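Undergrad: Dropping in model_17.cif, which is mmCIF, N, CA and C atoms:
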data_final
#
loop_
_atom_site.label_atom_id
_atom_site.label_comp_id
_atom_site.auth_asym_id
_atom_site.auth_seq_id
_atom_site.Cartn_x
_atom_site.Cartn_y
_atom_site.Cartn_z
N MET U 1 108.52 70.14 79.55
CA MET U 1 107.39 69.59 80.28
C MET U 1 106.73 68.56 79.39
N THR U 2 106.49 67.42 79.96
CA THR U 2 105.95 66.31 79.17
C THR U 2 104.69 65.79 79.81
N LEU U 3 103.66 65.66 79.01
CA LEU U 3 102.40 65.10 79.47
C LEU U 3 102.50 63.58 79.42
N VAL U 4 102.37 62.94 80.57
CA VAL U 4 102.40 61.48 80.64
C VAL U 4 101.13 60.99 81.32
N GLN U 5 100.73 59.77 80.99
CA GLN U 5 99.54 59.21 81.62
C GLN U 5 99.85 58.84 83.07
N GLN U 6 98.89 59.13 83.92
CA GLN U 6 99.01 58.78 85.32
C GLN U 6 97.61 58.53 85.84
N ALA U 7 97.40 57.38 86.47
CA ALA U 7 96.08 57.03 86.97
C ALA U 7 95.58 58.07 87.97
N ASN U 8 94.32 58.43 87.85
CA ASN U 8 93.64 59.36 88.76
C ASN U 8 94.26 60.74 88.79
N ALA U 9 94.97 61.13 87.75
CA ALA U 9 95.58 62.47 87.69
C ALA U 9 94.70 63.37 86.83
N SER U 10 94.90 64.67 86.98
CA SER U 10 94.18 65.62 86.14
C SER U 10 95.18 66.58 85.51
N CYS U 11 94.73 67.22 84.46
CA CYS U 11 95.58 68.16 83.74
C CYS U 11 94.69 69.28 83.23
N ALA U 12 95.02 70.51 83.57
CA ALA U 12 94.25 71.65 83.08
C ALA U 12 94.74 72.02 81.69
N GLY U 13 93.84 72.54 80.89
CA GLY U 13 94.25 72.96 79.57
C GLY U 13 93.09 73.57 78.81
N ILE U 14 93.29 73.71 77.54
CA ILE U 14 92.29 74.30 76.66
C ILE U 14 91.96 73.29 75.57
N VAL U 15 90.69 73.14 75.28
CA VAL U 15 90.25 72.28 74.20
C VAL U 15 89.81 73.20 73.06
N TYR U 16 90.35 72.94 71.88
CA TYR U 16 89.99 73.73 70.71
C TYR U 16 89.06 72.91 69.82
N GLU U 17 88.04 73.55 69.29
CA GLU U 17 87.19 72.90 68.29
C GLU U 17 87.74 73.29 66.92
N LEU U 18 88.08 72.28 66.14
CA LEU U 18 88.68 72.53 64.84
C LEU U 18 87.61 72.60 63.76
N PRO U 19 87.82 73.46 62.75
CA PRO U 19 86.89 73.51 61.63
C PRO U 19 86.90 72.15 60.92
N GLU U 20 85.73 71.62 60.66
CA GLU U 20 85.60 70.28 60.08
C GLU U 20 86.44 70.09 58.82
N ASN U 21 86.50 71.12 57.99
CA ASN U 21 87.22 71.00 56.73
C ASN U 21 88.74 71.11 56.89
N LYS U 22 89.23 71.33 58.11
CA LYS U 22 90.68 71.48 58.33
C LYS U 22 91.23 70.50 59.37
N VAL U 23 90.39 69.60 59.87
CA VAL U 23 90.82 68.69 60.93
C VAL U 23 92.05 67.90 60.51
N ASP U 24 92.01 67.24 59.35
CA ASP U 24 93.14 66.41 58.92
C ASP U 24 94.41 67.24 58.75
N GLN U 25 94.30 68.39 58.15
CA GLN U 25 95.45 69.28 57.92
C GLN U 25 96.07 69.71 59.26
N ILE U 26 95.24 70.11 60.21
CA ILE U 26 95.74 70.58 61.51
C ILE U 26 96.36 69.43 62.29
N LEU U 27 95.72 68.27 62.29
CA LEU U 27 96.27 67.12 63.02
C LEU U 27 97.60 66.67 62.42
N ARG U 28 97.73 66.71 61.10
CA ARG U 28 99.02 66.36 60.46
C ARG U 28 100.11 67.34 60.90
N ALA U 29 99.78 68.63 60.94
CA ALA U 29 100.76 69.63 61.38
C ALA U 29 101.16 69.41 62.83
N LEU U 30 100.18 69.07 63.67
CA LEU U 30 100.49 68.80 65.08
C LEU U 30 101.30 67.52 65.23
N ASP U 31 101.04 66.53 64.40
CA ASP U 31 101.85 65.31 64.43
C ASP U 31 103.31 65.63 64.15
N VAL U 32 103.57 66.55 63.23
CA VAL U 32 104.95 66.97 62.94
C VAL U 32 105.53 67.68 64.15
N ARG U 33 104.76 68.59 64.73
CA ARG U 33 105.24 69.33 65.91
C ARG U 33 105.58 68.40 67.06
N GLU U 34 104.78 67.38 67.26
CA GLU U 34 104.96 66.46 68.39
C GLU U 34 105.72 65.20 67.99
N GLN U 35 106.53 65.29 66.94
CA GLN U 35 107.21 64.12 66.40
C GLN U 35 108.30 63.56 67.30
N GLY U 36 108.65 64.21 68.35
CA GLY U 36 109.74 63.76 69.21
C GLY U 36 109.36 62.60 70.09
N GLY U 37 108.56 61.67 69.60
CA GLY U 37 108.24 60.48 70.36
C GLY U 37 106.89 60.51 71.06
N TYR U 38 106.10 61.52 70.78
CA TYR U 38 104.78 61.60 71.39
C TYR U 38 103.78 60.80 70.56
N VAL U 39 102.79 60.25 71.22
CA VAL U 39 101.78 59.43 70.57
C VAL U 39 100.45 60.16 70.63
N ARG U 40 99.79 60.27 69.47
CA ARG U 40 98.47 60.91 69.42
C ARG U 40 97.46 59.96 70.06
N GLU U 41 96.68 60.47 71.00
CA GLU U 41 95.68 59.66 71.68
C GLU U 41 94.36 60.39 71.77
N GLN U 42 93.30 59.62 71.72
CA GLN U 42 91.94 60.15 71.89
C GLN U 42 91.53 59.91 73.34
N LEU U 43 90.86 60.85 73.93
CA LEU U 43 90.38 60.69 75.29
C LEU U 43 89.16 61.56 75.54
N GLN U 44 88.50 61.30 76.62
CA GLN U 44 87.38 62.13 77.05
C GLN U 44 87.91 63.11 78.10
N VAL U 45 87.57 64.36 77.94
CA VAL U 45 87.96 65.38 78.92
C VAL U 45 86.70 66.02 79.47
N GLN U 46 86.86 66.68 80.60
CA GLN U 46 85.73 67.35 81.22
C GLN U 46 85.73 68.80 80.77
N GLY U 47 84.66 69.20 80.12
CA GLY U 47 84.55 70.56 79.62
C GLY U 47 84.23 71.56 80.73
N ARG U 48 84.16 72.81 80.33
CA ARG U 48 83.92 73.91 81.26
C ARG U 48 82.65 73.71 82.09
N ASN U 49 81.61 73.14 81.48
CA ASN U 49 80.35 72.91 82.18
C ASN U 49 80.22 71.48 82.67
N GLN U 50 81.35 70.84 82.90
CA GLN U 50 81.43 69.47 83.42
C GLN U 50 80.96 68.41 82.43
N GLU U 51 80.73 68.79 81.17
CA GLU U 51 80.29 67.81 80.17
C GLU U 51 81.51 67.05 79.63
N ALA U 52 81.28 65.81 79.20
CA ALA U 52 82.33 65.01 78.58
C ALA U 52 82.54 65.47 77.14
N VAL U 53 83.79 65.68 76.77
CA VAL U 53 84.14 66.16 75.44
C VAL U 53 85.22 65.23 74.87
N ALA U 54 85.03 64.78 73.64
CA ALA U 54 86.06 63.98 72.96
C ALA U 54 87.21 64.91 72.59
N ALA U 55 88.43 64.48 72.86
CA ALA U 55 89.59 65.32 72.59
C ALA U 55 90.74 64.48 72.07
N THR U 56 91.69 65.16 71.47
CA THR U 56 92.92 64.54 70.99
C THR U 56 94.08 65.22 71.69
N THR U 57 95.06 64.43 72.11
CA THR U 57 96.26 65.01 72.70
C THR U 57 97.45 64.15 72.30
N TRP U 58 98.63 64.58 72.62
CA TRP U 58 99.85 63.83 72.35
C TRP U 58 100.50 63.56 73.69
N ILE U 59 100.77 62.28 73.95
CA ILE U 59 101.29 61.85 75.25
C ILE U 59 102.63 61.15 75.04
N ALA U 60 103.55 61.41 75.94
CA ALA U 60 104.84 60.70 75.91
C ALA U 60 104.71 59.42 76.71
N HIS U 61 105.29 58.38 76.17
CA HIS U 61 105.35 57.11 76.87
C HIS U 61 106.80 56.90 77.31
N PRO U 62 107.02 56.11 78.32
CA PRO U 62 108.40 55.89 78.77
C PRO U 62 109.32 55.38 77.66
N SER U 63 108.78 54.78 76.61
CA SER U 63 109.61 54.30 75.51
C SER U 63 110.08 55.44 74.59
N ASN U 64 109.55 56.65 74.78
CA ASN U 64 109.94 57.82 73.99
C ASN U 64 111.42 58.11 74.23
N LYS U 65 112.21 58.12 73.17
CA LYS U 65 113.66 58.34 73.33
C LYS U 65 113.99 59.71 73.90
N ASN U 66 113.08 60.67 73.77
CA ASN U 66 113.31 62.01 74.29
C ASN U 66 112.73 62.23 75.68
N TYR U 67 112.10 61.21 76.24
CA TYR U 67 111.46 61.33 77.55
C TYR U 67 112.53 61.35 78.63
N LEU U 68 112.58 62.42 79.37
CA LEU U 68 113.58 62.58 80.42
C LEU U 68 113.30 61.66 81.61
N GLY U 69 112.03 61.34 81.81
CA GLY U 69 111.66 60.47 82.93
C GLY U 69 111.65 61.23 84.24
N PRO U 70 111.43 60.52 85.34
CA PRO U 70 111.43 61.19 86.65
C PRO U 70 112.79 61.85 86.88
N SER U 71 112.78 63.13 87.13
CA SER U 71 114.02 63.90 87.29
C SER U 71 113.81 65.01 88.31
N THR U 72 114.90 65.57 88.76
CA THR U 72 114.81 66.71 89.68
C THR U 72 114.35 67.94 88.90
N HIS U 73 113.86 68.92 89.63
CA HIS U 73 113.43 70.18 88.99
C HIS U 73 114.60 70.84 88.27
N SER U 74 115.78 70.81 88.87
CA SER U 74 116.93 71.45 88.23
C SER U 74 117.35 70.70 86.97
N ASP U 75 117.25 69.36 86.95
CA ASP U 75 117.57 68.61 85.74
C ASP U 75 116.58 68.92 84.62
N ILE U 76 115.30 69.00 84.98
CA ILE U 76 114.28 69.32 83.98
C ILE U 76 114.51 70.74 83.45
N ALA U 77 114.77 71.67 84.34
CA ALA U 77 115.01 73.05 83.93
C ALA U 77 116.24 73.15 83.03
N SER U 78 117.31 72.45 83.36
CA SER U 78 118.51 72.46 82.53
C SER U 78 118.21 71.92 81.14
N HIS U 79 117.41 70.86 81.09
CA HIS U 79 117.02 70.27 79.81
C HIS U 79 116.19 71.26 78.99
N ILE U 80 115.26 71.93 79.64
CA ILE U 80 114.42 72.94 78.96
C ILE U 80 115.30 74.06 78.42
N ALA U 81 116.23 74.53 79.24
CA ALA U 81 117.07 75.67 78.85
C ALA U 81 117.98 75.35 77.67
N SER U 82 118.32 74.08 77.48
CA SER U 82 119.30 73.74 76.44
C SER U 82 118.71 73.03 75.23
N SER U 83 117.43 72.73 75.22
CA SER U 83 116.85 71.93 74.13
C SER U 83 116.18 72.79 73.08
N VAL U 84 116.36 72.37 71.83
CA VAL U 84 115.77 73.04 70.68
C VAL U 84 115.24 71.97 69.74
N GLY U 85 114.04 72.20 69.20
CA GLY U 85 113.47 71.27 68.24
C GLY U 85 113.03 72.00 67.00
N PRO U 86 112.37 71.29 66.09
CA PRO U 86 111.95 71.90 64.83
C PRO U 86 110.99 73.07 65.02
N SER U 87 110.31 73.12 66.15
CA SER U 87 109.33 74.20 66.39
C SER U 87 109.90 75.33 67.23
N GLY U 88 111.18 75.27 67.59
CA GLY U 88 111.77 76.33 68.39
C GLY U 88 112.41 75.80 69.65
N THR U 89 112.71 76.71 70.56
CA THR U 89 113.38 76.31 71.80
C THR U 89 112.37 75.82 72.83
N ASN U 90 112.80 74.91 73.68
CA ASN U 90 111.94 74.46 74.77
C ASN U 90 111.71 75.59 75.76
N LEU U 91 112.67 76.50 75.85
CA LEU U 91 112.51 77.64 76.75
C LEU U 91 111.33 78.51 76.31
N ASP U 92 111.23 78.78 75.00
CA ASP U 92 110.08 79.55 74.50
C ASP U 92 108.78 78.82 74.78
N TYR U 93 108.77 77.51 74.54
CA TYR U 93 107.57 76.71 74.81
C TYR U 93 107.21 76.79 76.29
N PHE U 94 108.20 76.66 77.15
CA PHE U 94 107.94 76.69 78.59
C PHE U 94 107.38 78.06 79.01
N GLU U 95 107.93 79.13 78.46
CA GLU U 95 107.41 80.47 78.78
C GLU U 95 105.93 80.57 78.41
N ARG U 96 105.58 80.05 77.24
CA ARG U 96 104.17 80.09 76.81
C ARG U 96 103.31 79.20 77.71
N LEU U 97 103.85 78.07 78.14
CA LEU U 97 103.13 77.19 79.06
C LEU U 97 102.86 77.90 80.39
N VAL U 98 103.85 78.54 80.95
CA VAL U 98 103.69 79.26 82.21
C VAL U 98 102.62 80.34 82.08
N THR U 99 102.64 81.07 80.98
CA THR U 99 101.64 82.12 80.73
C THR U 99 100.24 81.52 80.63
N ALA U 100 100.12 80.43 79.87
CA ALA U 100 98.80 79.79 79.68
C ALA U 100 98.27 79.26 81.01
N LEU U 101 99.11 78.62 81.80
CA LEU U 101 98.66 78.10 83.10
C LEU U 101 98.20 79.23 84.01
N ALA U 102 98.90 80.34 83.99
CA ALA U 102 98.50 81.49 84.80
C ALA U 102 97.14 82.02 84.35
N MET U 103 96.92 82.09 83.04
CA MET U 103 95.64 82.57 82.51
C MET U 103 94.50 81.64 82.89
N LEU U 104 94.78 80.36 83.03
CA LEU U 104 93.76 79.37 83.40
C LEU U 104 93.62 79.21 84.91
N ASN U 105 94.41 79.97 85.67
CA ASN U 105 94.47 79.77 87.12
C ASN U 105 94.81 78.33 87.45
N ALA U 106 95.73 77.75 86.68
CA ALA U 106 96.09 76.35 86.84
C ALA U 106 97.57 76.16 87.15
N SER U 107 98.21 77.21 87.63
CA SER U 107 99.61 77.11 87.99
C SER U 107 99.77 76.05 89.07
N GLU U 108 100.85 75.29 88.99
CA GLU U 108 101.06 74.25 89.99
C GLU U 108 102.52 74.26 90.44
N ALA U 109 102.79 73.64 91.58
CA ALA U 109 104.09 73.74 92.24
C ALA U 109 105.25 73.28 91.36
N HIS U 110 105.08 72.20 90.64
CA HIS U 110 106.15 71.65 89.81
C HIS U 110 106.62 72.68 88.78
N THR U 111 105.68 73.27 88.07
CA THR U 111 106.01 74.25 87.05
C THR U 111 106.60 75.51 87.68
N ARG U 112 106.06 75.94 88.82
CA ARG U 112 106.61 77.14 89.49
C ARG U 112 108.06 76.92 89.91
N ARG U 113 108.39 75.74 90.42
CA ARG U 113 109.77 75.46 90.84
C ARG U 113 110.73 75.53 89.64
N ILE U 114 110.31 74.94 88.54
CA ILE U 114 111.14 74.97 87.33
C ILE U 114 111.28 76.41 86.83
N SER U 115 110.19 77.16 86.87
CA SER U 115 110.22 78.56 86.46
C SER U 115 111.19 79.36 87.31
N ARG U 116 111.16 79.16 88.62
CA ARG U 116 112.09 79.87 89.51
C ARG U 116 113.54 79.50 89.21
N TRP U 117 113.79 78.22 88.97
CA TRP U 117 115.14 77.78 88.66
C TRP U 117 115.62 78.44 87.37
N LEU U 118 114.77 78.45 86.35
CA LEU U 118 115.14 79.07 85.07
C LEU U 118 115.34 80.57 85.19
N SER U 119 114.48 81.24 85.95
CA SER U 119 114.59 82.70 86.06
C SER U 119 115.87 83.10 86.75
N GLY U 120 116.41 82.25 87.59
CA GLY U 120 117.66 82.56 88.27
C GLY U 120 118.90 82.23 87.47
N ARG U 121 118.76 81.48 86.39
CA ARG U 121 119.93 81.00 85.66
C ARG U 121 119.92 81.27 84.16
N THR U 122 118.83 81.74 83.63
CA THR U 122 118.72 81.92 82.19
C THR U 122 118.38 83.37 81.89
N SER U 123 119.28 84.05 81.25
CA SER U 123 119.08 85.48 81.02
C SER U 123 117.90 85.76 80.10
N VAL U 124 117.55 84.84 79.23
CA VAL U 124 116.44 85.12 78.31
C VAL U 124 115.08 84.78 78.91
N PHE U 125 115.06 84.08 80.02
CA PHE U 125 113.77 83.70 80.61
C PHE U 125 113.17 84.89 81.34
N ARG U 126 111.91 85.16 81.06
CA ARG U 126 111.19 86.25 81.71
C ARG U 126 110.17 85.64 82.65
N GLN U 127 110.33 85.89 83.93
CA GLN U 127 109.36 85.35 84.92
C GLN U 127 107.97 85.86 84.60
N MET U 128 107.04 84.94 84.47
CA MET U 128 105.65 85.31 84.15
C MET U 128 104.85 85.49 85.42
#
If you convert what's in this file into C-alpha cells, what do you get?
TA:
Amino acid sequence: MTLVQQANASCAGIVYELPENKVDQILRALDVREQGGYVREQLQVQGRNQEAVAATTWIAHPSNKNYLGPSTHSDIASHIASSVGPSGTNLDYFERLVTALAMLNASEAHTRRISRWLSGRTSVFRQM
C-alpha cells in the first residue's frame, strides 16, 4: 500500500508527537525505513479536535522506481505477498495496516478487497 498525493483526498491515520531531543534520530531511522523511493514531506493534518497540526509523512511519487502505479487489487495483493524489504515483508506490514485501520474505524473498500484476496491465497495471512 502506497500513500500518494491526490487532490481533495483524505487519509486516516495516527499522528505521533516525538520527544524534542529525539526528533532527528527518529526521522533518520524513518528515512531509512522509507528508503524505497518515498519522499519526506511536511503537511498540515486535521487533528482529533479538528485543529490543524504540522506533520511529517513519506509519500511515493510516480517517479519512485518501486511505485506499482494504478493496478488491479489482485496485482497489488500479489506484489504485497511477494515483496520483502529491509524492514521485513510487505505482508507483515499490510497485516499491521489492516489492524490499525480497523482500530481507527477507517477500514476502506480498497484495503478490504486486497485483504480478501490475500486471505484466500496466502497461508500466512491472518484475516483481521
Undergrad: For the atom pair CA of Phe94 in chain U and CA of Ser115 in chain U, what is the interatomic distance in Å to one decimal place?
TA: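 Interatomic distance here is 8.4 Å.
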Undergrad: I need the output of the PyMOL selection byres (((chain U and resi 16-20 and name CA) around 12) and name CA) for this file as a count of residues only; which residues are they?
TA: 17
Undergrad: If we count only C-alpha atoms and set the cut-off at 10 Å, which residues sit around Glu34 in chain U, ignoring sequence neighbours fewer than 4 positions away in its own chain? Please answer as a ChimeraX atom specification.
TA: /U:28-30,38-40,57-60,85-87
Undergrad: So which residues touch Tyr67 in chain U within 12 Å, counting only C-alpha atoms, skipping near sequence neighbours fewer than 2 positions away, as number ranges by chain?
TA: U: 1-4, 36-38, 59-65, 69-71, 76, 79
Undergrad: Measure the distance from CA of Val32 in chain U to atom N of His73 in chain U in Å and round it to one decimal.
TA: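 About the pair CA of Val32 in chain U and atom N of His73 in chain U: they are 28.2 Å apart.
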Undergrad: Just the number, please: distance in Å from CA of Ile114 in chain U to CA of Asn66 in chain U, one decimal.
TA: 18.5 Å
Undergrad: Apply DSSP to the structure's backbone, then extract all residues of chain U labelled alpha helix (DSSP H) and return them as a ChimeraX atom specification.
TA: /U:23-33,73-82,90-103,109-121
